[in-house]
>>> print(open('input.cif').read())   # mmCIF, C-alpha atoms
data_data
loop_
_atom_site.label_atom_id
_atom_site.label_comp_id
_atom_site.auth_asym_id
_atom_site.auth_seq_id
_atom_site.Cartn_x
_atom_site.Cartn_y
_atom_site.Cartn_z
CA MET A 152 10.03 9.76 -2.81
CA GLY A 153 7.17 7.99 -0.98
CA VAL A 154 3.54 8.07 -2.03
CA ASN A 155 0.63 8.12 0.39
CA VAL A 156 -2.77 7.00 -0.91
CA ARG A 157 -5.97 8.33 0.63
CA LYS A 158 -9.68 8.49 -0.14
CA ALA A 159 -10.87 11.69 -1.78
CA GLU A 160 -13.13 14.03 0.16
CA ALA A 161 -15.61 16.67 -0.99
CA LYS A 162 -13.01 19.38 -0.36
CA ASP A 163 -10.79 17.74 -3.02
CA ALA A 164 -13.27 18.67 -5.76
CA PRO A 165 -11.05 21.37 -7.37
CA PHE A 166 -8.10 18.95 -7.68
CA LEU A 167 -10.33 16.15 -8.94
CA ALA A 168 -11.83 18.46 -11.57
CA GLN A 169 -8.35 19.39 -12.77
CA MET A 170 -7.31 15.75 -13.07
CA ILE A 171 -10.57 14.62 -14.69
CA LEU A 172 -10.21 17.30 -17.38
CA GLN A 173 -6.53 16.47 -17.93
CA SER A 174 -7.30 12.75 -18.20
CA SER A 175 -10.25 13.24 -20.56
CA ARG A 176 -8.16 15.30 -22.97
CA ALA A 177 -5.43 12.61 -23.04
CA GLY A 178 -3.03 14.73 -25.06
CA LYS A 179 -5.74 16.17 -27.33
CA SER A 180 -6.92 19.78 -27.36
CA ASP A 181 -10.48 18.69 -26.55
CA GLY A 182 -11.99 15.82 -24.58
CA ILE A 183 -15.48 14.68 -23.71
CA PHE A 184 -16.05 17.45 -21.15
CA ASP A 185 -15.03 20.12 -23.67
CA TYR A 186 -17.73 18.63 -25.92
CA ILE A 187 -20.33 18.44 -23.13
CA PHE A 188 -19.67 21.97 -21.86
CA ASN A 189 -19.04 23.46 -25.29
CA ASP A 190 -18.42 27.20 -25.64
CA LEU A 191 -17.28 27.48 -22.01
CA SER A 192 -13.82 28.61 -20.93
CA ASP A 193 -11.42 26.21 -19.19
CA SER A 194 -12.19 27.80 -15.81
CA GLU A 195 -15.93 27.41 -16.40
CA ILE A 196 -15.51 23.78 -17.51
CA LEU A 197 -13.47 23.07 -14.37
CA SER A 198 -16.21 24.66 -12.26
CA ARG A 199 -18.84 22.41 -13.86
CA ILE A 200 -16.72 19.28 -13.38
CA GLU A 201 -16.06 20.30 -9.78
CA ALA A 202 -19.82 20.45 -9.25
CA LEU A 203 -20.15 17.09 -11.04
CA THR A 204 -17.96 15.44 -8.36
CA LYS A 205 -20.47 16.44 -5.67
CA THR A 206 -23.89 15.87 -7.25
CA ASP A 207 -26.69 13.96 -5.54
CA ALA A 208 -26.65 11.53 -8.48
CA LYS A 209 -23.77 9.12 -7.78
CA ASN A 210 -22.19 9.36 -11.22
CA HIS A 211 -18.77 7.89 -12.00
CA CYS A 212 -17.11 11.29 -11.49
CA HIS A 213 -18.34 11.51 -7.86
CA TYR A 214 -15.58 12.20 -5.36
CA THR A 215 -16.47 9.08 -3.35
CA ASN A 216 -15.14 6.95 -6.22
CA PHE A 217 -11.65 8.48 -6.11
CA LEU A 218 -8.34 7.77 -4.46
CA ILE A 219 -5.67 10.46 -4.38
CA GLY A 220 -1.92 9.92 -4.33
CA GLU A 221 0.17 12.36 -2.27
CA SER A 222 3.92 12.90 -2.43
CA ASN A 223 5.64 15.14 0.13
CA GLY A 224 2.28 16.60 1.07
CA VAL A 225 1.34 17.44 -2.54
CA ASP A 226 -1.62 15.85 -4.35
CA VAL A 227 -0.01 14.31 -7.44
CA GLY A 228 -2.40 11.74 -8.91
CA THR A 229 -5.86 10.22 -8.99
CA LEU A 230 -7.57 6.96 -9.78
CA CYS A 231 -11.33 6.48 -9.97
CA SER A 232 -12.98 3.09 -9.47
CA TYR A 233 -16.72 2.59 -9.80
CA GLU A 234 -19.39 -0.06 -10.16
CA PRO A 235 -21.36 0.21 -13.45
CA ARG A 236 -24.51 -1.05 -11.70
CA ILE A 237 -24.42 2.09 -9.51
CA ALA A 238 -22.69 4.69 -11.70
CA THR A 239 -25.02 4.12 -14.65
CA LYS A 240 -25.45 6.21 -17.78
CA LYS A 241 -28.68 7.53 -16.28
CA ALA A 242 -26.80 8.64 -13.14
CA PHE A 243 -24.32 10.51 -15.34
CA PHE A 244 -27.08 12.25 -17.30
CA ASP A 245 -28.91 13.12 -14.06
CA ALA A 246 -25.68 14.57 -12.67
CA LEU A 247 -25.06 16.61 -15.83
CA LYS A 248 -28.54 18.09 -15.55
CA GLU A 249 -27.84 18.92 -11.90
CA VAL A 250 -24.87 21.04 -12.98
CA GLY A 251 -26.75 22.94 -15.66
CA CYS A 252 -26.94 20.83 -18.82
CA ASP A 253 -30.27 20.89 -20.64
CA GLU A 254 -32.47 17.95 -21.61
CA GLU A 255 -30.74 17.70 -25.00
CA ILE A 256 -27.50 16.41 -23.44
CA GLU A 257 -28.61 12.79 -23.82
CA GLU A 258 -29.22 13.32 -27.52
CA ARG A 259 -25.86 15.10 -27.97
CA LEU A 260 -24.05 12.13 -26.37
CA GLU A 261 -26.01 9.47 -28.24
CA PHE A 262 -23.06 8.89 -30.57
CA MET A 263 -21.22 7.27 -27.63
CA ASN A 264 -23.55 4.27 -28.01
CA GLU A 265 -21.57 3.38 -31.15
CA CYS A 266 -18.60 2.68 -28.86
CA ASP A 267 -20.58 0.94 -26.12
CA PHE A 268 -19.08 -2.32 -24.82
CA GLY A 269 -22.13 -3.51 -22.88
CA LEU A 270 -20.23 -3.64 -19.59
CA ASN A 271 -20.82 -6.39 -17.07
CA ASN A 272 -22.40 -4.89 -13.96
CA ARG A 273 -20.35 -7.27 -11.80
CA THR A 274 -17.07 -5.84 -13.10
CA LEU A 275 -15.24 -2.96 -11.42
CA MET A 276 -14.28 -0.09 -13.73
CA PHE A 277 -11.23 2.18 -13.51
CA ASP A 278 -11.02 5.69 -14.95
CA PHE A 279 -9.16 9.01 -14.60
CA MET A 280 -5.80 7.42 -13.76
CA VAL A 281 -3.55 10.41 -14.18
CA GLU A 282 -0.58 12.17 -12.63
CA LEU A 283 -0.12 15.89 -12.13
CA GLU A 284 2.18 17.40 -14.71
CA GLY A 285 5.62 17.78 -13.17
CA TYR A 286 5.15 14.68 -11.00
CA ILE A 287 5.30 11.96 -13.63
CA ASP A 288 6.95 8.73 -12.50
CA VAL A 289 7.01 9.46 -8.76
CA GLY A 290 5.17 6.15 -8.34
CA ALA A 291 1.72 7.58 -7.66
CA LEU A 292 -0.15 5.62 -10.33
CA LYS A 293 1.36 2.29 -9.33
CA ALA A 294 0.54 2.95 -5.66
CA LEU A 295 -3.01 4.02 -6.53
CA MET A 296 -3.58 0.91 -8.64
CA GLN A 297 -2.19 -1.44 -5.98
CA LYS A 298 -4.48 0.10 -3.35
CA SER A 299 -7.50 -0.02 -5.67
CA LEU A 300 -6.97 -3.68 -6.59
CA LEU A 301 -6.56 -4.62 -2.94
CA THR A 302 -9.80 -2.84 -2.04
CA ALA A 303 -11.57 -4.44 -5.02
CA ARG A 304 -10.45 -7.92 -3.96
CA LEU A 305 -11.75 -7.32 -0.43
CA LYS A 306 -15.12 -6.38 -1.99
CA GLY A 307 -15.19 -9.68 -3.85
CA TYR A 308 -14.15 -8.47 -7.30
CA ARG A 309 -11.75 -10.55 -9.39
CA ILE A 310 -11.86 -8.63 -12.66
CA ALA A 311 -11.37 -4.92 -13.30
CA GLN A 312 -11.64 -3.12 -16.61
CA THR A 313 -10.91 0.26 -18.10
CA ILE A 314 -11.73 2.01 -21.37
CA VAL A 315 -9.09 4.11 -23.14
CA GLU A 316 -9.09 5.93 -26.43
CA THR A 317 -7.69 3.87 -29.28
CA GLY A 318 -4.43 5.57 -30.21
CA SER A 319 -3.78 6.97 -26.73
CA LEU A 320 -0.50 5.07 -26.67
CA GLU A 321 0.97 6.41 -23.43
CA THR A 322 -2.14 5.56 -21.42
CA MET A 323 -2.44 2.17 -23.10
CA MET A 324 1.20 1.29 -22.40
CA PHE A 325 0.90 2.21 -18.74
CA TYR A 326 -2.18 0.05 -18.19
CA GLU A 327 -0.51 -2.85 -20.01
CA LYS A 328 2.57 -2.41 -17.82
CA LEU A 329 0.29 -2.84 -14.81
CA GLY A 330 -1.01 -6.13 -16.21
CA PHE A 331 -4.09 -5.08 -18.19
CA LYS A 332 -4.74 -6.86 -21.48
CA LYS A 333 -6.64 -5.66 -24.52
CA VAL A 334 -10.09 -7.28 -24.76
CA LYS A 335 -11.92 -5.47 -27.52
CA GLU A 336 -11.80 -2.39 -29.76
CA LYS A 337 -14.72 -0.41 -31.14
CA SER A 338 -14.41 2.07 -33.97
CA CYS A 339 -16.76 5.04 -34.08
CA GLU A 340 -16.78 7.40 -37.04
CA THR A 341 -18.51 10.19 -35.11
CA TYR A 342 -15.99 9.85 -32.27
CA LYS A 343 -13.17 10.23 -34.78
CA GLU A 344 -14.79 13.31 -36.30
CA ILE A 345 -15.17 14.99 -32.90
CA PHE A 346 -11.99 13.92 -31.08
CA GLY A 347 -9.61 12.74 -33.80
CA ARG A 348 -9.31 9.22 -32.32
CA HIS A 349 -10.71 6.12 -34.04
CA GLY A 350 -12.73 4.91 -31.06
CA LEU A 351 -12.28 3.14 -27.75
CA THR A 352 -10.42 0.09 -26.45
CA LEU A 353 -11.51 -2.09 -23.53
CA LEU A 354 -8.72 -3.42 -21.27
CA SER A 355 -9.10 -5.98 -18.49
CA ILE A 356 -7.11 -7.43 -15.58
CA GLU A 357 -7.76 -10.48 -13.40
CA PHE A 358 -6.40 -10.40 -9.86
#
>>> encode(input="input.cif", output="structure tokens")
Amino acid sequence: MGVNVRKAEAKDAPFLAQMILQSSRAGKSDGIFDYIFNDLSDSEILSRIEALTKTDAKNHCHYTNFLIGESNGVDVGTLCSYEPRIATKKAFFDALKEVGCDEEIEERLEFMNECDFGLNNRTLMFDFMVELEGYIDVGALKALMQKSLLTARLKGYRIAQTIVETGSLETMMFYEKLGFKKVKEKSCETYKEIFGRHGLTLLSIEF
């Protein structure tokens, strides 16, 4: 079964929202977007994330950062790649306010600073690498990663990194299978209290 990789477009926002939410939950009942958009239903959360992919603020969830993998005409997977110097924390907060979050959102997410790795702005970041349920192992993620690394090399990048939840074994194993190596772990008591995971792990690949 072949996989075609293409750049995401604004019209892909509903699919991207679905995959972003699935990826952020990573096998848990709640993820970061459940926390951000607390007290909203799944459909309302998806609507907010959909809007987040099309904000004026070029946050890391913006559709322009995504590739989509297709198999037999069906969208089956995504991979986001972004530059931290552009998709900054401020851009994310600005985007959240664009989609209806109040000024207190920065304070509510302050606990994430405990898990901050101080990313190098010259490093490319990967996120939201996920396959549609029912299409696992069709080869979409490998094809998406190969395309992303090729594009990154053409842009002059030689190192790419990703951040996964510590204890998210399936995600960790897949990245390691692709050649990523563990660089650093950060424990965060508040993160554990909210999401049930000890913290975050930084993985890196040179290419």
>>> resolve_selection(input="input.cif", expression="the PyMOL selection byres ((chain A and resi 285-299) around 10)", output="VMD selection string")
chain A and resid 152 to 157 217 to 222 225 to 232 277 280 to 284 300 to 305 311 325 to 326 328 to 329
>>> write_last_selection(input="input.cif", atoms="C-alpha atoms", output="tab-separated table (two decimals), keeping the file's coordinate frame")
chain	number	residue	atom	x	y	z
A	152	MET	CA	10.03	9.76	-2.81
A	153	GLY	CA	7.17	7.99	-0.98
A	154	VAL	CA	3.54	8.07	-2.03
A	155	ASN	CA	0.63	8.12	0.39
A	156	VAL	CA	-2.77	7.00	-0.91
A	157	ARG	CA	-5.97	8.33	0.63
A	217	PHE	CA	-11.65	8.48	-6.11
A	218	LEU	CA	-8.34	7.77	-4.46
A	219	ILE	CA	-5.67	10.46	-4.38
A	220	GLY	CA	-1.92	9.92	-4.33
A	221	GLU	CA	0.17	12.36	-2.27
A	222	SER	CA	3.92	12.90	-2.43
A	225	VAL	CA	1.34	17.44	-2.54
A	226	ASP	CA	-1.62	15.85	-4.35
A	227	VAL	CA	-0.01	14.31	-7.44
A	228	GLY	CA	-2.40	11.74	-8.91
A	229	THR	CA	-5.86	10.22	-8.99
A	230	LEU	CA	-7.57	6.96	-9.78
A	231	CYS	CA	-11.33	6.48	-9.97
A	232	SER	CA	-12.98	3.09	-9.47
A	277	PHE	CA	-11.23	2.18	-13.51
A	280	MET	CA	-5.80	7.42	-13.76
A	281	VAL	CA	-3.55	10.41	-14.18
A	282	GLU	CA	-0.58	12.17	-12.63
A	283	LEU	CA	-0.12	15.89	-12.13
A	284	GLU	CA	2.18	17.40	-14.71
A	300	LEU	CA	-6.97	-3.68	-6.59
A	301	LEU	CA	-6.56	-4.62	-2.94
A	302	THR	CA	-9.80	-2.84	-2.04
A	303	ALA	CA	-11.57	-4.44	-5.02
A	304	ARG	CA	-10.45	-7.92	-3.96
A	305	LEU	CA	-11.75	-7.32	-0.43
A	311	ALA	CA	-11.37	-4.92	-13.30
A	325	PHE	CA	0.90	2.21	-18.74
A	326	TYR	CA	-2.18	0.05	-18.19
A	328	LYS	CA	2.57	-2.41	-17.82
A	329	LEU	CA	0.29	-2.84	-14.81
>>> resolve_selection(input="input.cif", expression="the PyMOL selection byres ((chain A and resi 175) around 12)", output="number ranges by chain")
A: 167-174, 176-187, 200, 212, 278-281, 314-316, 319, 322, 346
>>> write_last_selection(input="input.cif", atoms="C-alpha atoms", output="short mmCIF file (atom, residue, chain, number, x, y, z; two decimals), keeping the file's coordinate frame")
data_model
loop_
_atom_site.label_atom_id
_atom_site.label_comp_id
_atom_site.auth_asym_id
_atom_site.auth_seq_id
_atom_site.Cartn_x
_atom_site.Cartn_y
_atom_site.Cartn_z
CA LEU A 167 -10.33 16.15 -8.94
CA ALA A 168 -11.83 18.46 -11.57
CA GLN A 169 -8.35 19.39 -12.77
CA MET A 170 -7.31 15.75 -13.07
CA ILE A 171 -10.57 14.62 -14.69
CA LEU A 172 -10.21 17.30 -17.38
CA GLN A 173 -6.53 16.47 -17.93
CA SER A 174 -7.30 12.75 -18.20
CA ARG A 176 -8.16 15.30 -22.97
CA ALA A 177 -5.43 12.61 -23.04
CA GLY A 178 -3.03 14.73 -25.06
CA LYS A 179 -5.74 16.17 -27.33
CA SER A 180 -6.92 19.78 -27.36
CA ASP A 181 -10.48 18.69 -26.55
CA GLY A 182 -11.99 15.82 -24.58
CA ILE A 183 -15.48 14.68 -23.71
CA PHE A 184 -16.05 17.45 -21.15
CA ASP A 185 -15.03 20.12 -23.67
CA TYR A 186 -17.73 18.63 -25.92
CA ILE A 187 -20.33 18.44 -23.13
CA ILE A 200 -16.72 19.28 -13.38
CA CYS A 212 -17.11 11.29 -11.49
CA ASP A 278 -11.02 5.69 -14.95
CA PHE A 279 -9.16 9.01 -14.60
CA MET A 280 -5.80 7.42 -13.76
CA VAL A 281 -3.55 10.41 -14.18
CA ILE A 314 -11.73 2.01 -21.37
CA VAL A 315 -9.09 4.11 -23.14
CA GLU A 316 -9.09 5.93 -26.43
CA SER A 319 -3.78 6.97 -26.73
CA THR A 322 -2.14 5.56 -21.42
CA PHE A 346 -11.99 13.92 -31.08
#
>>> residues_around(input="input.cif", residues="A:His349", least_positions_apart="4", cutoff="7 Å", atoms="all atoms listed in the file", output="list in words")
Thr317, Ser338, Cys339, Glu340, Tyr342 and Lys343 of chain A
>>> residues_around(input="input.cif", residues="A:Lys333", least_positions_apart="4", cutoff="7 Å", atoms="all atoms listed in the file", output="compact mmCIF listing (two decimals) with C-alpha atoms, in the frame of the given file")
# COMPACT_ATOMS: atom_id res chain seq x y z
CA LEU A 353 -11.51 -2.09 -23.53
CA LEU A 354 -8.72 -3.42 -21.27
CA SER A 355 -9.10 -5.98 -18.49
>>> residues_around(input="input.cif", residues="A:Glu234", least_positions_apart="3", cutoff="8 Å", atoms="only C-alpha atoms", output="list in words")
Ile237, Ala238, Asn272, Arg273, Thr274, Leu275 and Met276 of chain A
>>> atom_distance(input="input.cif", atom1="atom CA of A:Lys162", atom2="atom CA of A:Lys240")
25.1 Å
>>> closest_residue(input="input.cif", among="A:Val250, A:Glu160, A:Ala242, A:Gly307", to="A:Ala202", atoms="all atoms listed in the file")
A:Val250
>>> residues_around(input="input.cif", residues="A:Met263", least_positions_apart="3", cutoff="10 Å", atoms="only C-alpha atoms", output="number ranges by chain")
A: 257, 259-260, 266-267, 339, 341-342, 350-351
>>> resolve_selection(input="input.cif", expression="the PyMOL selection byres ((chain A and resi 336) around 6)", output="JSON, numbers by chain")
{"A": [335, 337, 351, 352]}
>>> atom_distance(input="input.cif", atom1="atom CA of A:Glu327", atom2="atom CA of A:Ile356")
9.2 Å
>>> atom_distance(input="input.cif", atom1="atom CA of A:Ser192", atom2="atom CA of A:Ala161")
23.3 Å
>>> closest_residue(input="input.cif", among="A:Glu249, A:Glu357, A:Asp163, A:Glu254", to="A:Arg199", atoms="only C-alpha atoms")
A:Glu249
